[in-house]
Amino acid sequence: MPTQTFPGEYESLEKIAHFIREESESIGLTHAEVFAVETAVDEAVSNIIEHAYLGENKGTITCTCLPATDHITIILEDFGQPFDPRTVPPPELDVPLKQRKINGLGMFMMQKWMDEVHFEFCHECNRLVMVKYKEKKT
Amino acid sequence: METKLTHYKHCDLVKVSGRVDSLTAPRLAEELNKIAGSGRFKIVIDLSGVQFLSSAGLRVLISTQKNCKRYNRGEVMLACVPENILAVFELAGFITIFKIFDDVTAAVGEF
């Protein structure tokens, strides 16, 4: 079970992306699917640093990849304050530029790009579980 | 992430390459703010070399577009958008708020 722990800093984003990419490619996800996973994980890690740790270098982020035949499961664990991005209102995409808010896109992209997104908040840690299937379920 | 700025008579061209994420987006914002801060609001962003662009990058592009379009003084146009990044733009509803060109010459020619 490939697991790696990274410092909670934005410098880790590229290293996590590299780790995720290798694992996603190993089960034969397409280039676009791998990109989708990378995007979702990048958004999730950025949220952890910004909202759970309230800044860089306040704690670590553990990333586990569970590759299976037809899907990959990504588990991200942090030890900051519980932050549930589902409380962030979804972006309004069809409003004129002047009314466009600049936040809310990260969670939106996680939900759109991944097939499953689950949050668990317990005493020890906050856990985010995301699943991407080879062919998107309908 | 790297940026390369070229001044034209009617607009500025910024070629962006590499990763635009939470680490690097503030630098992109700084570069674009510098251009707008000098009173130039017609900007073409060449994204051909961008490998990855997160919502942090999207926020920079929206903010810059809002700033440039204020008082009808200019606009940000995007050129040479890689396929994966275009999928992000479509998902984020960017297609309606940015003009997107297949090549830099066409985008620069619009100004």
# chains A, B, ... in the order shown; residues from 1 in each chain; ligands from 1

$ closest_atom_pairs --of "chain B" --to "chain A" --cutoff "7 Å" --atoms "only C-alpha atoms" --output "tab-separated table"
residue	atom	partner	partner_atom	distance
B:Ser22	CA	A:Tyr10	CA	6.3
B:Leu23	CA	A:Tyr10	CA	5.0
B:Ser54	CA	A:Thr39	CA	6.4
B:Ser55	CA	A:Gly106	CA	5.5
B:Arg59	CA	A:Ile102	CA	5.3
B:Ile62	CA	A:Ile102	CA	6.7
B:Lys66	CA	A:Lys98	CA	6.7
B:Asn84	CA	A:Ala32	CA	6.6
B:Ala92	CA	A:Leu93	CA	6.6
B:Gly93	CA	A:Leu93	CA	5.2
B:Ile97	CA	A:Leu97	CA	6.3

$ residues_around --residues "B:Asn72" --least-positions-apart "4" --cutoff "10 Å" --atoms "only C-alpha atoms" --output "PyMOL selection string"
chain B and resi 41+67-68

$ closest_residue --among "A:Val129, A:Met114, A:Ala52, A:Cys63" --to "A:Val37" --atoms "only C-alpha atoms"
A:Met114

$ residues_around --residues "B:Asn33" --least-positions-apart "2" --cutoff "12 Å" --atoms "only C-alpha atoms" --output "ChimeraX atom specification"
/B:14,26-31,35-41,43,60-61,63-68

$ write_last_selection --atoms "C-alpha atoms" --output "short mmCIF file (atom, residue, chain, number, x, y, z; two decimals), in the first residue's frame"
data_model
loop_
_atom_site.label_atom_id
_atom_site.label_comp_id
_atom_site.auth_asym_id
_atom_site.auth_seq_id
_atom_site.Cartn_x
_atom_site.Cartn_y
_atom_site.Cartn_z
CA VAL B 14 2.67 36.92 -21.30
CA PRO B 26 0.88 34.45 -6.42
CA ARG B 27 3.88 35.03 -8.72
CA LEU B 28 1.64 34.99 -11.78
CA ALA B 29 -0.68 37.47 -10.05
CA GLU B 30 2.31 39.68 -9.31
CA GLU B 31 3.43 39.64 -12.96
CA ILE B 35 1.42 45.08 -16.22
CA ALA B 36 -1.96 46.49 -15.16
CA GLY B 37 -0.20 48.70 -12.62
CA SER B 38 1.74 50.31 -15.46
CA GLY B 39 -1.54 51.29 -17.10
CA ARG B 40 -1.63 48.51 -19.69
CA PHE B 41 -4.83 46.52 -19.62
CA ILE B 43 -3.12 41.36 -22.20
CA VAL B 60 -5.71 34.93 -10.76
CA LEU B 61 -7.13 34.89 -14.29
CA SER B 63 -9.24 38.79 -10.95
CA THR B 64 -7.05 40.04 -13.78
CA GLN B 65 -9.94 39.92 -16.25
CA LYS B 66 -12.14 41.88 -13.83
CA ASN B 67 -9.42 44.48 -13.35
CA CYS B 68 -8.63 44.85 -17.05
#

$ atom_distance --atom1 "atom CA of B:Thr24" --atom2 "atom CA of B:Thr3"
10.8 Å

$ atom_distance --atom1 "atom CA of A:Val88" --atom2 "atom CA of A:Lys58"
22.7 Å

$ select_by_dssp --residues "stretch 3-138 of chain A" --states "strand (DSSP E)" --output "PyMOL selection string"
chain A and resi 3-7+60-67+71-78+116-121+126-133

$ write_last_selection --atoms "N, CA and C atoms" --output "mmCIF file, in the first residue's frame"
data_model
loop_
_atom_site.group_PDB
_atom_site.id
_atom_site.type_symbol
_atom_site.label_atom_id
_atom_site.label_comp_id
_atom_site.auth_asym_id
_atom_site.auth_seq_id
_atom_site.Cartn_x
_atom_site.Cartn_y
_atom_site.Cartn_z
ATOM 1 N N THR A 3 2.129 4.611 0.647
ATOM 2 C CA THR A 3 1.786 5.761 1.487
ATOM 3 C C THR A 3 3.005 6.665 1.608
ATOM 4 N N GLN A 4 2.792 7.946 1.493
ATOM 5 C CA GLN A 4 3.891 8.894 1.700
ATOM 6 C C GLN A 4 3.384 10.070 2.526
ATOM 7 N N THR A 5 4.257 10.592 3.359
ATOM 8 C CA THR A 5 3.905 11.754 4.179
ATOM 9 C C THR A 5 4.694 12.972 3.700
ATOM 10 N N PHE A 6 3.978 14.077 3.569
ATOM 11 C CA PHE A 6 4.590 15.299 3.023
ATOM 12 C C PHE A 6 4.422 16.445 4.016
ATOM 13 N N PRO A 7 5.357 17.385 4.028
ATOM 14 C CA PRO A 7 5.165 18.583 4.854
ATOM 15 C C PRO A 7 3.968 19.386 4.334
ATOM 16 N N THR A 60 1.689 17.829 8.930
ATOM 17 C CA THR A 60 1.973 16.996 7.753
ATOM 18 C C THR A 60 0.687 16.527 7.069
ATOM 19 N N ILE A 61 0.860 16.035 5.860
ATOM 20 C CA ILE A 61 -0.252 15.473 5.091
ATOM 21 C C ILE A 61 0.181 14.084 4.630
ATOM 22 N N THR A 62 -0.619 13.098 4.995
ATOM 23 C CA THR A 62 -0.298 11.736 4.594
ATOM 24 C C THR A 62 -1.173 11.348 3.410
ATOM 25 N N CYS A 63 -0.523 10.827 2.390
ATOM 26 C CA CYS A 63 -1.229 10.490 1.155
ATOM 27 C C CYS A 63 -1.071 8.987 0.894
ATOM 28 N N THR A 64 -2.200 8.316 0.755
ATOM 29 C CA THR A 64 -2.182 6.873 0.476
ATOM 30 C C THR A 64 -2.914 6.622 -0.837
ATOM 31 N N CYS A 65 -2.316 5.796 -1.693
ATOM 32 C CA CYS A 65 -2.960 5.424 -2.956
ATOM 33 C C CYS A 65 -3.286 3.942 -2.902
ATOM 34 N N LEU A 66 -4.508 3.601 -3.238
ATOM 35 C CA LEU A 66 -4.911 2.200 -3.280
ATOM 36 C C LEU A 66 -5.324 1.867 -4.714
ATOM 37 N N PRO A 67 -4.370 1.428 -5.531
ATOM 38 C CA PRO A 67 -4.719 1.101 -6.911
ATOM 39 C C PRO A 67 -5.488 -0.217 -6.983
ATOM 40 N N HIS A 71 -10.161 1.046 -10.668
ATOM 41 C CA HIS A 71 -10.227 2.368 -10.033
ATOM 42 C C HIS A 71 -9.035 2.595 -9.118
ATOM 43 N N ILE A 72 -8.885 3.837 -8.707
ATOM 44 C CA ILE A 72 -7.854 4.152 -7.714
ATOM 45 C C ILE A 72 -8.515 4.945 -6.582
ATOM 46 N N THR A 73 -8.118 4.604 -5.360
ATOM 47 C CA THR A 73 -8.610 5.329 -4.194
ATOM 48 C C THR A 73 -7.454 6.148 -3.624
ATOM 49 N N ILE A 74 -7.717 7.411 -3.364
ATOM 50 C CA ILE A 74 -6.701 8.296 -2.778
ATOM 51 C C ILE A 74 -7.193 8.715 -1.391
ATOM 52 N N ILE A 75 -6.356 8.533 -0.391
ATOM 53 C CA ILE A 75 -6.725 8.930 0.972
ATOM 54 C C ILE A 75 -5.752 10.007 1.443
ATOM 55 N N LEU A 76 -6.298 11.143 1.852
ATOM 56 C CA LEU A 76 -5.467 12.232 2.384
ATOM 57 C C LEU A 76 -5.821 12.429 3.851
ATOM 58 N N GLU A 77 -4.803 12.435 4.713
ATOM 59 C CA GLU A 77 -5.042 12.633 6.141
ATOM 60 C C GLU A 77 -4.243 13.825 6.645
ATOM 61 N N ASP A 78 -4.917 14.653 7.445
ATOM 62 C CA ASP A 78 -4.201 15.769 8.073
ATOM 63 C C ASP A 78 -4.599 15.835 9.541
ATOM 64 N N GLU A 116 -16.099 9.612 -6.496
ATOM 65 C CA GLU A 116 -16.563 9.589 -5.100
ATOM 66 C C GLU A 116 -15.675 10.510 -4.266
ATOM 67 N N VAL A 117 -16.286 11.263 -3.373
ATOM 68 C CA VAL A 117 -15.545 12.136 -2.448
ATOM 69 C C VAL A 117 -16.197 12.006 -1.070
ATOM 70 N N HIS A 118 -15.450 11.519 -0.093
ATOM 71 C CA HIS A 118 -15.984 11.353 1.269
ATOM 72 C C HIS A 118 -15.077 12.054 2.270
ATOM 73 N N PHE A 119 -15.681 12.667 3.266
ATOM 74 C CA PHE A 119 -14.914 13.286 4.351
ATOM 75 C C PHE A 119 -15.196 12.548 5.648
ATOM 76 N N GLU A 120 -14.170 12.337 6.449
ATOM 77 C CA GLU A 120 -14.341 11.756 7.785
ATOM 78 C C GLU A 120 -13.550 12.627 8.754
ATOM 79 N N PHE A 121 -14.198 13.005 9.844
ATOM 80 C CA PHE A 121 -13.514 13.811 10.856
ATOM 81 C C PHE A 121 -13.513 13.028 12.161
ATOM 82 N N ASN A 126 -8.254 14.272 10.210
ATOM 83 C CA ASN A 126 -9.286 14.496 9.193
ATOM 84 C C ASN A 126 -8.906 13.628 8.003
ATOM 85 N N ARG A 127 -9.892 12.941 7.458
ATOM 86 C CA ARG A 127 -9.576 12.018 6.355
ATOM 87 C C ARG A 127 -10.481 12.336 5.162
ATOM 88 N N LEU A 128 -9.841 12.445 4.015
ATOM 89 C CA LEU A 128 -10.585 12.654 2.770
ATOM 90 C C LEU A 128 -10.310 11.455 1.869
ATOM 91 N N VAL A 129 -11.368 10.807 1.425
ATOM 92 C CA VAL A 129 -11.232 9.638 0.555
ATOM 93 C C VAL A 129 -11.850 9.979 -0.802
ATOM 94 N N MET A 130 -11.047 9.839 -1.852
ATOM 95 C CA MET A 130 -11.557 10.120 -3.201
ATOM 96 C C MET A 130 -11.289 8.908 -4.096
ATOM 97 N N VAL A 131 -12.251 8.628 -4.948
ATOM 98 C CA VAL A 131 -12.132 7.474 -5.842
ATOM 99 C C VAL A 131 -12.321 7.921 -7.288
ATOM 100 N N LYS A 132 -11.463 7.407 -8.153
ATOM 101 C CA LYS A 132 -11.610 7.661 -9.592
ATOM 102 C C LYS A 132 -11.659 6.327 -10.325
ATOM 103 N N TYR A 133 -12.714 6.106 -11.083
ATOM 104 C CA TYR A 133 -12.850 4.884 -11.869
ATOM 105 C C TYR A 133 -12.271 5.098 -13.254
#

$ atom_distance --atom1 "atom CA of B:Arg19" --atom2 "atom CA of B:Ile95"
21.0 Å

$ residues_around --residues "B:Asp21" --least-positions-apart "6" --cutoff "7 Å" --atoms "only C-alpha atoms" --output "ChimeraX atom specification"
/B:53-54,56-57
